[in-house]
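This is work.pdb. It holds PDB, C-alpha atoms.
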ATOM      1  CA  MET A   1      11.774  34.012  50.673
ATOM      2  CA  SER A   2      10.763  36.083  47.658
ATOM      3  CA  ARG A   3       8.915  34.223  44.921
ATOM      4  CA  THR A   4       9.389  34.662  41.176
ATOM      5  CA  VAL A   5       6.676  35.326  38.597
ATOM      6  CA  LEU A   6       7.186  35.263  34.839
ATOM      7  CA  ILE A   7       4.745  37.551  33.034
ATOM      8  CA  LEU A   8       3.976  36.827  29.387
ATOM      9  CA  GLY A   9       2.739  40.013  27.740
ATOM     10  CA  ALA A  10       4.155  42.247  30.483
ATOM     11  CA  SER A  11       4.072  45.346  28.271
ATOM     12  CA  GLY A  12       0.372  45.008  27.521
ATOM     13  CA  PHE A  13      -2.684  46.533  29.127
ATOM     14  CA  ALA A  14      -3.211  43.783  31.709
ATOM     15  CA  GLY A  15       0.430  42.744  31.885
ATOM     16  CA  GLN A  16       1.507  46.094  33.298
ATOM     17  CA  ALA A  17      -1.129  45.860  36.025
ATOM     18  CA  PHE A  18       0.104  42.392  36.987
ATOM     19  CA  ASP A  19       3.680  43.710  37.007
ATOM     20  CA  ARG A  20       2.724  46.490  39.432
ATOM     21  CA  ALA A  21       0.708  44.208  41.719
ATOM     22  CA  PHE A  22       3.269  41.398  42.014
ATOM     23  CA  SER A  23       6.129  43.875  42.421
ATOM     24  CA  ALA A  24       4.231  45.681  45.188
ATOM     25  CA  ASP A  25       3.765  42.350  46.961
ATOM     26  CA  GLY A  26       7.508  41.633  46.910
ATOM     27  CA  TRP A  27       7.684  39.111  44.072
ATOM     28  CA  ARG A  28      10.645  39.013  41.706
ATOM     29  CA  VAL A  29       9.133  39.863  38.341
ATOM     30  CA  ARG A  30      10.495  38.501  35.068
ATOM     31  CA  ARG A  31       9.145  39.954  31.842
ATOM     32  CA  PHE A  32       9.074  37.525  28.933
ATOM     33  CA  GLN A  33      10.668  38.812  25.746
ATOM     34  CA  ARG A  34       8.897  37.763  22.566
ATOM     35  CA  GLY A  35      11.041  35.570  20.354
ATOM     36  CA  THR A  36      13.013  34.047  23.233
ATOM     37  CA  ASP A  37      12.764  30.492  24.570
ATOM     38  CA  PRO A  38       9.782  30.263  26.956
ATOM     39  CA  ALA A  39      11.164  27.152  28.651
ATOM     40  CA  GLN A  40      14.419  28.914  29.430
ATOM     41  CA  ALA A  41      12.627  32.053  30.598
ATOM     42  CA  ALA A  42      10.420  30.062  32.990
ATOM     43  CA  ARG A  43      13.089  27.991  34.727
ATOM     44  CA  GLY A  44      13.030  28.710  38.438
ATOM     45  CA  ALA A  45       9.708  30.581  38.263
ATOM     46  CA  ASP A  46       7.064  29.880  40.893
ATOM     47  CA  LEU A  47       4.235  31.291  38.785
ATOM     48  CA  ILE A  48       3.594  32.148  35.146
ATOM     49  CA  VAL A  49       1.021  34.805  34.290
ATOM     50  CA  ASN A  50      -0.173  34.514  30.705
ATOM     51  CA  ALA A  51      -1.290  38.063  29.942
ATOM     52  CA  MET A  52      -0.253  37.770  26.300
ATOM     53  CA  ASN A  53      -3.046  38.569  23.850
ATOM     54  CA  PRO A  54      -3.127  39.584  20.181
ATOM     55  CA  PRO A  55      -3.814  43.336  19.954
ATOM     56  CA  ASP A  56      -7.202  44.454  18.615
ATOM     57  CA  TYR A  57      -8.471  40.845  18.438
ATOM     58  CA  HIS A  58      -6.071  40.172  15.551
ATOM     59  CA  ASP A  59      -6.271  36.655  14.064
ATOM     60  CA  TRP A  60      -7.445  34.957  17.250
ATOM     61  CA  ALA A  61      -8.070  31.610  15.542
ATOM     62  CA  ARG A  62      -4.343  31.169  14.842
ATOM     63  CA  GLN A  63      -2.737  33.336  17.504
ATOM     64  CA  ILE A  64      -4.523  32.105  20.650
ATOM     65  CA  PRO A  65      -3.425  28.448  20.137
ATOM     66  CA  LYS A  66       0.152  29.632  19.518
ATOM     67  CA  ILE A  67       0.167  31.695  22.708
ATOM     68  CA  THR A  68      -1.360  28.757  24.609
ATOM     69  CA  GLU A  69       1.363  26.391  23.442
ATOM     70  CA  LEU A  70       4.042  28.929  24.359
ATOM     71  CA  ALA A  71       2.651  29.212  27.894
ATOM     72  CA  MET A  72       2.334  25.432  28.184
ATOM     73  CA  ALA A  73       5.978  25.011  27.152
ATOM     74  CA  ALA A  74       6.967  27.415  29.914
ATOM     75  CA  ALA A  75       4.807  25.555  32.438
ATOM     76  CA  ARG A  76       6.188  22.136  31.509
ATOM     77  CA  ALA A  77       9.778  23.352  31.809
ATOM     78  CA  SER A  78       9.304  25.012  35.182
ATOM     79  CA  GLY A  79       6.548  23.072  36.910
ATOM     80  CA  ALA A  80       5.033  26.440  37.794
ATOM     81  CA  ARG A  81       1.310  27.110  38.045
ATOM     82  CA  VAL A  82      -0.078  29.304  35.274
ATOM     83  CA  LEU A  83      -2.560  32.102  35.901
ATOM     84  CA  ILE A  84      -4.673  33.209  32.952
ATOM     85  CA  PRO A  85      -7.035  36.197  32.815
ATOM     86  CA  GLY A  86     -10.374  34.751  31.748
ATOM     87  CA  ASN A  87     -13.288  36.603  30.172
ATOM     88  CA  VAL A  88     -17.040  36.067  29.953
ATOM     89  CA  TYR A  89     -17.198  35.215  26.245
ATOM     90  CA  VAL A  90     -17.387  31.484  27.044
ATOM     91  CA  TYR A  91     -20.869  31.855  28.574
ATOM     92  CA  GLY A  92     -22.549  33.285  25.504
ATOM     93  CA  ASN A  93     -25.941  34.808  26.230
ATOM     94  CA  GLN A  94     -27.073  32.478  28.999
ATOM     95  CA  PRO A  95     -28.853  34.002  31.990
ATOM     96  CA  GLY A  96     -26.596  34.902  34.905
ATOM     97  CA  PRO A  97     -25.096  35.163  37.378
ATOM     98  CA  TRP A  98     -22.179  33.283  35.797
ATOM     99  CA  SER A  99     -19.759  31.093  37.726
ATOM    100  CA  ALA A 100     -17.437  28.106  37.305
ATOM    101  CA  GLU A 101     -20.562  25.928  37.290
ATOM    102  CA  THR A 102     -22.076  27.754  34.300
ATOM    103  CA  PRO A 103     -21.713  25.650  31.115
ATOM    104  CA  HIS A 104     -19.523  27.024  28.364
ATOM    105  CA  ARG A 105     -21.955  27.835  25.552
ATOM    106  CA  ALA A 106     -20.296  30.529  23.503
ATOM    107  CA  CYS A 107     -22.434  32.308  20.930
ATOM    108  CA  SER A 108     -19.546  34.036  19.129
ATOM    109  CA  ARG A 109     -16.497  32.858  17.221
ATOM    110  CA  LYS A 110     -14.097  34.455  19.708
ATOM    111  CA  GLY A 111     -16.047  32.907  22.549
ATOM    112  CA  GLN A 112     -15.616  29.456  21.001
ATOM    113  CA  ILE A 113     -11.874  30.067  20.614
ATOM    114  CA  ARG A 114     -11.682  30.821  24.330
ATOM    115  CA  VAL A 115     -13.772  27.727  25.144
ATOM    116  CA  GLU A 116     -11.297  25.580  23.203
ATOM    117  CA  MET A 117      -8.315  27.302  24.820
ATOM    118  CA  GLU A 118      -9.616  26.674  28.340
ATOM    119  CA  ALA A 119     -10.473  23.071  27.443
ATOM    120  CA  ALA A 120      -6.891  22.561  26.247
ATOM    121  CA  TRP A 121      -5.563  23.768  29.590
ATOM    122  CA  ARG A 122      -7.929  21.519  31.514
ATOM    123  CA  ALA A 123      -6.878  18.509  29.408
ATOM    124  CA  SER A 124      -3.155  19.290  29.768
ATOM    125  CA  GLY A 125      -3.018  18.316  33.429
ATOM    126  CA  LEU A 126      -0.843  21.356  34.121
ATOM    127  CA  PRO A 127      -1.673  23.439  37.207
ATOM    128  CA  VAL A 128      -3.613  26.485  36.036
ATOM    129  CA  THR A 129      -5.845  29.157  37.499
ATOM    130  CA  ILE A 130      -8.408  30.939  35.328
ATOM    131  CA  LEU A 131      -9.153  34.242  37.056
ATOM    132  CA  ARG A 132     -12.294  35.414  35.299
ATOM    133  CA  GLY A 133     -13.563  38.962  35.125
ATOM    134  CA  GLY A 134     -15.816  41.233  33.123
ATOM    135  CA  ASP A 135     -14.664  44.118  30.934
ATOM    136  CA  PHE A 136     -11.463  45.665  32.248
ATOM    137  CA  ILE A 137     -11.495  49.157  33.725
ATOM    138  CA  ASP A 138      -8.153  50.864  34.373
ATOM    139  CA  ASP A 139      -7.307  54.164  36.019
ATOM    140  CA  GLN A 140      -3.805  54.367  34.523
ATOM    141  CA  ARG A 141      -4.663  54.907  30.864
ATOM    142  CA  SER A 142      -7.687  55.129  28.582
ATOM    143  CA  GLY A 143      -7.788  51.530  27.426
ATOM    144  CA  GLN A 144     -10.652  49.175  26.660
ATOM    145  CA  ALA A 145     -14.216  50.162  25.822
ATOM    146  CA  ILE A 146     -14.900  52.091  29.031
ATOM    147  CA  GLY A 147     -12.065  54.510  28.278
ATOM    148  CA  LEU A 148     -11.877  54.497  24.498
ATOM    149  CA  VAL A 149     -15.625  54.867  23.948
ATOM    150  CA  VAL A 150     -17.839  55.265  27.035
ATOM    151  CA  LEU A 151     -15.880  58.048  28.774
ATOM    152  CA  LYS A 152     -14.090  59.516  25.781
ATOM    153  CA  LYS A 153     -16.233  62.693  25.869
ATOM    154  CA  LEU A 154     -16.608  62.945  29.626
ATOM    155  CA  HIS A 155     -14.887  66.352  29.600
ATOM    156  CA  LYS A 156     -17.770  67.566  27.424
ATOM    157  CA  GLY A 157     -20.411  66.214  29.803
ATOM    158  CA  ARG A 158     -21.270  63.249  27.584
ATOM    159  CA  ILE A 159     -21.159  59.486  28.068
ATOM    160  CA  THR A 160     -21.546  56.990  25.250
ATOM    161  CA  ALA A 161     -23.598  53.820  25.779
ATOM    162  CA  MET A 162     -22.652  50.842  23.590
ATOM    163  CA  GLY A 163     -25.976  49.156  24.331
ATOM    164  CA  ALA A 164     -29.147  49.806  26.283
ATOM    165  CA  PRO A 165     -28.044  52.265  29.022
ATOM    166  CA  GLY A 166     -30.068  50.483  31.686
ATOM    167  CA  VAL A 167     -28.435  47.076  31.166
ATOM    168  CA  GLU A 168     -26.221  45.909  34.040
ATOM    169  CA  ARG A 169     -22.869  44.445  32.936
ATOM    170  CA  ALA A 170     -19.854  42.919  34.704
ATOM    171  CA  TYR A 171     -16.624  44.913  34.944
ATOM    172  CA  ALA A 172     -13.237  44.128  36.460
ATOM    173  CA  TYR A 173     -11.321  47.056  37.920
ATOM    174  CA  LEU A 174      -7.847  46.164  36.710
ATOM    175  CA  PRO A 175      -5.902  47.107  39.882
ATOM    176  CA  ASP A 176      -8.279  44.884  41.880
ATOM    177  CA  PHE A 177      -8.043  42.108  39.299
ATOM    178  CA  ALA A 178      -4.241  42.108  39.487
ATOM    179  CA  ARG A 179      -4.298  42.119  43.306
ATOM    180  CA  ALA A 180      -6.735  39.203  43.196
ATOM    181  CA  ALA A 181      -4.243  37.316  41.028
ATOM    182  CA  VAL A 182      -1.584  37.866  43.696
ATOM    183  CA  ALA A 183      -3.941  36.714  46.457
ATOM    184  CA  LEU A 184      -4.919  33.514  44.631
ATOM    185  CA  SER A 185      -1.290  32.762  43.769
ATOM    186  CA  LYS A 186      -0.409  32.576  47.464
ATOM    187  CA  LEU A 187      -2.857  29.726  48.085
ATOM    188  CA  GLU A 188      -1.333  26.261  48.343
ATOM    189  CA  ASP A 189      -4.463  24.116  48.088
ATOM    190  CA  LEU A 190      -5.987  25.144  44.769
ATOM    191  CA  PRO A 191      -7.112  22.291  42.497
ATOM    192  CA  VAL A 192      -5.000  21.509  39.434
ATOM    193  CA  PHE A 193      -7.538  23.383  37.290
ATOM    194  CA  ALA A 194      -9.062  26.287  39.220
ATOM    195  CA  ASP A 195     -11.770  28.424  37.613
ATOM    196  CA  VAL A 196     -12.412  31.435  39.842
ATOM    197  CA  ALA A 197     -14.589  34.435  39.017
ATOM    198  CA  LEU A 198     -13.827  37.851  40.459
ATOM    199  CA  PRO A 199     -17.235  39.539  40.861
ATOM    200  CA  GLY A 200     -15.827  43.037  40.392
ATOM    201  CA  HIS A 201     -18.497  45.674  39.849
ATOM    202  CA  SER A 202     -21.764  45.209  37.988
ATOM    203  CA  PHE A 203     -23.443  48.393  36.842
ATOM    204  CA  SER A 204     -25.288  50.031  33.975
ATOM    205  CA  ILE A 205     -24.320  53.147  32.034
ATOM    206  CA  ASN A 206     -27.184  54.898  33.822
ATOM    207  CA  ASP A 207     -25.599  53.932  37.163
ATOM    208  CA  LEU A 208     -22.247  55.258  35.988
ATOM    209  CA  ALA A 209     -23.737  58.538  34.787
ATOM    210  CA  ARG A 210     -25.564  59.089  38.086
ATOM    211  CA  GLU A 211     -22.410  58.521  40.104
ATOM    212  CA  ILE A 212     -20.366  60.873  37.909
ATOM    213  CA  THR A 213     -23.074  63.511  38.302
ATOM    214  CA  ARG A 214     -23.126  63.008  42.070
ATOM    215  CA  GLN A 215     -19.366  63.457  42.359
ATOM    216  CA  SER A 216     -18.863  66.199  39.788
ATOM    217  CA  GLY A 217     -22.116  68.132  40.116
ATOM    218  CA  ARG A 218     -22.528  68.036  36.324
ATOM    219  CA  GLU A 219     -25.499  66.398  34.631
ATOM    220  CA  MET A 220     -24.286  63.788  32.149
ATOM    221  CA  LYS A 221     -25.906  63.349  28.745
ATOM    222  CA  ILE A 222     -25.960  59.774  27.454
ATOM    223  CA  GLY A 223     -25.512  59.167  23.738
ATOM    224  CA  GLN A 224     -25.535  55.956  21.719
ATOM    225  CA  PHE A 225     -22.526  54.389  20.056
ATOM    226  CA  PRO A 226     -22.892  54.381  16.225
ATOM    227  CA  TRP A 227     -22.714  50.658  15.529
ATOM    228  CA  TRP A 228     -23.819  51.403  11.982
ATOM    229  CA  ALA A 229     -20.419  52.989  11.364
ATOM    230  CA  LEU A 230     -18.687  49.756  12.350
ATOM    231  CA  ARG A 231     -20.913  47.789   9.999
ATOM    232  CA  LEU A 232     -19.877  50.064   7.155
ATOM    233  CA  SER A 233     -16.180  49.737   7.927
ATOM    234  CA  ALA A 234     -16.216  46.041   8.860
ATOM    235  CA  PRO A 235     -15.272  44.738   5.385
ATOM    236  CA  VAL A 236     -11.933  46.590   5.515
ATOM    237  CA  TRP A 237     -11.336  47.032   9.274
ATOM    238  CA  GLU A 238     -10.525  43.946  11.340
ATOM    239  CA  LEU A 239     -11.182  45.508  14.747
ATOM    240  CA  GLY A 240     -14.573  46.765  13.565
ATOM    241  CA  ARG A 241     -15.563  43.266  12.490
ATOM    242  CA  GLU A 242     -14.422  41.777  15.787
ATOM    243  CA  LEU A 243     -16.253  44.340  17.911
ATOM    244  CA  LEU A 244     -19.489  43.766  16.018
ATOM    245  CA  GLU A 245     -19.354  40.095  16.959
ATOM    246  CA  GLN A 246     -19.340  41.007  20.653
ATOM    247  CA  ARG A 247     -22.153  43.557  20.454
ATOM    248  CA  TYR A 248     -24.565  41.189  22.196
ATOM    249  CA  LEU A 249     -22.645  41.614  25.471
ATOM    250  CA  PHE A 250     -23.617  45.285  25.657
ATOM    251  CA  ASP A 251     -27.326  44.459  25.584
ATOM    252  CA  HIS A 252     -27.287  41.218  27.577
ATOM    253  CA  PRO A 253     -27.530  41.778  31.367
ATOM    254  CA  HIS A 254     -24.891  39.772  33.203
ATOM    255  CA  ARG A 255     -22.872  39.567  36.391
ATOM    256  CA  LEU A 256     -20.311  37.180  37.884
ATOM    257  CA  CYS A 257     -20.915  35.176  41.043
ATOM    258  CA  GLY A 258     -18.272  35.984  43.662
ATOM    259  CA  GLU A 259     -18.966  33.253  46.236
ATOM    260  CA  LYS A 260     -16.015  31.071  45.259
ATOM    261  CA  PHE A 261     -13.506  33.923  45.307
ATOM    262  CA  ALA A 262     -14.866  35.199  48.637
ATOM    263  CA  ALA A 263     -14.412  31.743  50.171
ATOM    264  CA  LEU A 264     -10.830  31.503  48.908
ATOM    265  CA  CYS A 265      -9.801  35.082  49.742
ATOM    266  CA  PRO A 266     -12.138  36.288  52.523
ATOM    267  CA  ALA A 267      -9.901  39.227  53.486
ATOM    268  CA  PHE A 268      -9.736  40.696  49.981
ATOM    269  CA  ARG A 269     -10.980  44.284  49.757
ATOM    270  CA  HIS A 270     -12.571  45.422  46.525
ATOM    271  CA  THR A 271     -12.166  49.077  45.627
ATOM    272  CA  PRO A 272     -15.576  50.697  46.283
ATOM    273  CA  PHE A 273     -17.550  51.682  43.184
ATOM    274  CA  GLU A 274     -17.557  55.346  44.227
ATOM    275  CA  GLU A 275     -13.776  55.386  44.625
ATOM    276  CA  MET A 276     -13.231  53.703  41.283
ATOM    277  CA  VAL A 277     -15.500  56.184  39.506
ATOM    278  CA  GLY A 278     -13.685  59.082  41.159
ATOM    279  CA  ARG A 279     -10.405  57.840  39.720
ATOM    280  CA  LEU A 280     -11.971  57.476  36.288
ATOM    281  CA  ILE A 281     -13.210  61.071  36.454
ATOM    282  CA  GLN A 282      -9.683  62.252  37.235
ATOM    283  CA  LEU A 283      -8.270  60.260  34.322
ATOM    284  CA  HIS A 284     -10.815  61.231  31.671
ATOM    285  CA  ASP A 285     -12.082  64.657  32.650
ATOM    286  CA  ALA A 286      -9.182  66.513  31.020
ATOM    287  CA  GLY A 287     -10.095  65.106  27.614
TER     288      GLY A 287
END
As structure tokens, how would this structure be written, given the file I've shared?
Amino acid sequence: MSRTVLILGASGFAGQAFDRAFSADGWRVRRFQRGTDPAQAARGADLIVNAMNPPDYHDWARQIPKITELAMAAARASGARVLIPGNVYVYGNQPGPWSAETPHRACSRKGQIRVEMEAAWRASGLPVTILRGGDFIDDQRSGQAIGLVVLKKLHKGRITAMGAPGVERAYAYLPDFARAAVALSKLEDLPVFADVALPGHSFSINDLAREITRQSGREMKIGQFPWWALRLSAPVWELGRELLEQRYLFDHPHRLCGEKFAALCPAFRHTPFEEMVGRLIQLHDAG
């Protein structure tokens, strides 16, 4: 029998990926309409995916608790498990690799907001899965930092590093992340609160440049992102202020531990790094 998933934020960057993945797996997909009753929308759902997020980090301190309460209302009405995309902000600048056993010690305001959000879910007693990943990478459109900044000038033979180019960072290839959500949602024996990290790919900008050069035959020049420009615009530009707060993540080496996910979903196949990069070249090379 086909199962039903309600996606909050289905029109967003991650929401569309979840829509594609659950649809491809045969789920009936409901797309929540903002302004409607979440309890009514969730009735009969087997799973709720909370992919709703304020755009451009807007007003997280007020908006994240509102979104959390909306998702909780849907969960209480339906009895469905909730799946939430988790990020790495909660870990701050602790040494890695990071996992569910790593304490939450955020070193940024947005990180603390996420710590409090996850704590609220744990305290609620509602069944929830936090699927945690690094920075999203998509091959459908030029979203997130990897597309908007790092590969923006790929067609000119240039890559932009937002930190030290040799620093290894965690990334989540969005098609894989969405498929992982489907795989976890089929499991019947998850704990009430499940915190699962998807290891994804960990690489540096130097690694990325070398692989692009290998596949394209073109030597890539690596430039540095002008953080000074964000500092100048921060007083009048909300997104600039919010990005500055997360700058530490571009200089702090980190990766996610994948042992827990591998034990839960041993047959899951991650898209190889080379294949993922090839798709990114196709997306960004036209400029």
Practice task
Write out as a VMD selection string each polymer residue whose atoms come within 12 Å of Thr4 (chain A), counting all atoms listed in the file; drop sequence neighbours fewer than 5 positions from it.
Solution key: chain A and resid 19 22 to 23 25 to 31 41 to 49 78 80 to 81 182 185 to 186
Exercise for the section: Could you list the residues chosen by the PyMOL selection byres ((chain A and resi 108-122) around 6) in this structure as a ChimeraX atom specification? Expected result: /A:89-90,106-107,123-124
For C-alpha atoms, I'd like the residues from the last selection saved as a compact mmCIF listing (two decimals), in the frame of the given file.
# COMPACT_ATOMS: atom_id res chain seq x y z
CA TYR A 89 -17.20 35.22 26.24
CA VAL A 90 -17.39 31.48 27.04
CA ALA A 106 -20.30 30.53 23.50
CA CYS A 107 -22.43 32.31 20.93
CA ALA A 123 -6.88 18.51 29.41
CA SER A 124 -3.16 19.29 29.77
Problem - Residue nearest Leu151 (chain A) - candidates A:Leu239, A:Leu131, A:Val277, A:Leu70, atoms counted: only C-alpha atoms - result: A:Val277
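Ranking A:Met220, A:Arg105, A:Ala183, A:Thr68 by their shortest atom-to-atom distance to Cys265 (chain A), with only C-alpha atoms included, puts A:Ala183 first.
Proximity ranking of A:Ile130, A:Ala263, A:Ala181, A:Val88 relative to His104 (chain A) places A:Val88 first, based on only C-alpha atoms.
This file, filtered with the PyMOL selection byres ((chain A and resi 212) around 10), gives the residues Leu154, Gly157, Ile159, Asn206, Asp207, Leu208, Ala209, Arg210, Glu211, Thr213, Arg214, Gln215, Ser216, Gly217, Arg218, Glu219, Met220, Glu274, Val277, Gly278, Leu280 and Ile281 of chain A.
Using the PyMOL selection byres ((chain A and resi 176) around 10) on this structure selects Ala17, Ala21, Ile137, Asp138, Ala172, Tyr173, Leu174, Pro175, Phe177, Ala178, Arg179, Ala180, Ala181, Val182, Leu198, Gly200, Phe268, Arg269, His270 and Thr271 of chain A.
Closest to Met162 (chain A) among A:Leu243, A:Met72, A:Ala24, A:Val236 is A:Leu243, based on only C-alpha atoms.
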Exercise for the section: In Å, rounded to a single decimal, give me how far CA of Tyr91 (chain A) is from CA of Gln246 (chain A). Expected result: 12.2 Å
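Between Pro199 (chain A) and the candidates A:Asn93, A:Ser233, A:Gln144, A:Asn87, the tightest atom-to-atom separation, counting only C-alpha atoms, involves A:Asn87.
In terms of minimum interatomic distance to Thr102 (chain A), A:Asp195 ranks closest within A:Asp195, A:Asp251, A:Glu188, A:Asp59, counting all atoms listed in the file.
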Practice task
Find the distance between CA of Lys260 (chain A) and CA of Arg132 (chain A) and write it in Å to one decimal.
Solution key: 11.5 Å
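With CA of Arg169 (chain A) on one side and CA of Leu8 (chain A) on the other, the separation reads 28.1 Å.
Residues in contact with Val150 (chain A) at 9 Å, where all atoms listed in the file are counted and same-chain residues fewer than 6 positions away are skipped, are listed as Arg158, Ile159, Thr160, Ala161, Met162, Ile205 and Phe225 of chain A.
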Take region 2-16 of chain A, bring it up to N, CA, C and O atoms, and give me the output as a PDB file, keeping the file's coordinate frame.
ATOM      1  N   SER A   2      11.495  35.475  48.765  1.00  0.00           N
ATOM      2  CA  SER A   2      10.763  36.083  47.658  1.00  0.00           C
ATOM      3  C   SER A   2      10.489  35.058  46.564  1.00  0.00           C
ATOM      4  O   SER A   2      11.330  34.211  46.258  1.00  0.00           O
ATOM      5  N   ARG A   3       9.297  35.129  45.999  1.00  0.00           N
ATOM      6  CA  ARG A   3       8.915  34.223  44.921  1.00  0.00           C
ATOM      7  C   ARG A   3       9.070  34.933  43.581  1.00  0.00           C
ATOM      8  O   ARG A   3       9.094  36.157  43.502  1.00  0.00           O
ATOM      9  N   THR A   4       9.139  34.128  42.508  1.00  0.00           N
ATOM     10  CA  THR A   4       9.389  34.662  41.176  1.00  0.00           C
ATOM     11  C   THR A   4       8.195  34.413  40.275  1.00  0.00           C
ATOM     12  O   THR A   4       7.670  33.289  40.214  1.00  0.00           O
ATOM     13  N   VAL A   5       7.755  35.446  39.573  1.00  0.00           N
ATOM     14  CA  VAL A   5       6.676  35.326  38.597  1.00  0.00           C
ATOM     15  C   VAL A   5       7.198  35.738  37.226  1.00  0.00           C
ATOM     16  O   VAL A   5       7.905  36.737  37.090  1.00  0.00           O
ATOM     17  N   LEU A   6       6.892  34.929  36.232  1.00  0.00           N
ATOM     18  CA  LEU A   6       7.186  35.263  34.839  1.00  0.00           C
ATOM     19  C   LEU A   6       5.907  35.767  34.200  1.00  0.00           C
ATOM     20  O   LEU A   6       4.887  35.065  34.208  1.00  0.00           O
ATOM     21  N   ILE A   7       5.931  36.971  33.662  1.00  0.00           N
ATOM     22  CA  ILE A   7       4.745  37.551  33.034  1.00  0.00           C
ATOM     23  C   ILE A   7       4.917  37.529  31.523  1.00  0.00           C
ATOM     24  O   ILE A   7       5.839  38.140  30.970  1.00  0.00           O
ATOM     25  N   LEU A   8       4.037  36.808  30.851  1.00  0.00           N
ATOM     26  CA  LEU A   8       3.976  36.827  29.387  1.00  0.00           C
ATOM     27  C   LEU A   8       3.064  37.981  28.990  1.00  0.00           C
ATOM     28  O   LEU A   8       1.942  38.077  29.468  1.00  0.00           O
ATOM     29  N   GLY A   9       3.534  38.845  28.114  1.00  0.00           N
ATOM     30  CA  GLY A   9       2.739  40.013  27.740  1.00  0.00           C
ATOM     31  C   GLY A   9       2.822  41.112  28.775  1.00  0.00           C
ATOM     32  O   GLY A   9       1.844  41.843  28.999  1.00  0.00           O
ATOM     33  N   ALA A  10       4.002  41.285  29.387  1.00  0.00           N
ATOM     34  CA  ALA A  10       4.155  42.247  30.483  1.00  0.00           C
ATOM     35  C   ALA A  10       4.011  43.688  30.038  1.00  0.00           C
ATOM     36  O   ALA A  10       3.741  44.566  30.863  1.00  0.00           O
ATOM     37  N   SER A  11       4.179  43.966  28.748  1.00  0.00           N
ATOM     38  CA  SER A  11       4.072  45.346  28.271  1.00  0.00           C
ATOM     39  C   SER A  11       2.650  45.720  27.880  1.00  0.00           C
ATOM     40  O   SER A  11       2.373  46.868  27.532  1.00  0.00           O
ATOM     41  N   GLY A  12       1.742  44.756  27.942  1.00  0.00           N
ATOM     42  CA  GLY A  12       0.372  45.008  27.521  1.00  0.00           C
ATOM     43  C   GLY A  12      -0.476  45.644  28.599  1.00  0.00           C
ATOM     44  O   GLY A  12      -0.031  45.917  29.721  1.00  0.00           O
ATOM     45  N   PHE A  13      -1.722  45.854  28.250  1.00  0.00           N
ATOM     46  CA  PHE A  13      -2.684  46.533  29.127  1.00  0.00           C
ATOM     47  C   PHE A  13      -2.799  45.831  30.477  1.00  0.00           C
ATOM     48  O   PHE A  13      -2.602  46.431  31.535  1.00  0.00           O
ATOM     49  N   ALA A  14      -3.089  44.530  30.459  1.00  0.00           N
ATOM     50  CA  ALA A  14      -3.211  43.783  31.709  1.00  0.00           C
ATOM     51  C   ALA A  14      -1.848  43.444  32.288  1.00  0.00           C
ATOM     52  O   ALA A  14      -1.667  43.434  33.508  1.00  0.00           O
ATOM     53  N   GLY A  15      -0.889  43.139  31.418  1.00  0.00           N
ATOM     54  CA  GLY A  15       0.430  42.744  31.885  1.00  0.00           C
ATOM     55  C   GLY A  15       1.077  43.776  32.782  1.00  0.00           C
ATOM     56  O   GLY A  15       1.727  43.435  33.785  1.00  0.00           O
ATOM     57  N   GLN A  16       0.927  45.048  32.467  1.00  0.00           N
ATOM     58  CA  GLN A  16       1.507  46.094  33.298  1.00  0.00           C
ATOM     59  C   GLN A  16       0.864  46.137  34.679  1.00  0.00           C
ATOM     60  O   GLN A  16       1.537  46.410  35.685  1.00  0.00           O
TER      61      GLN A  16
END
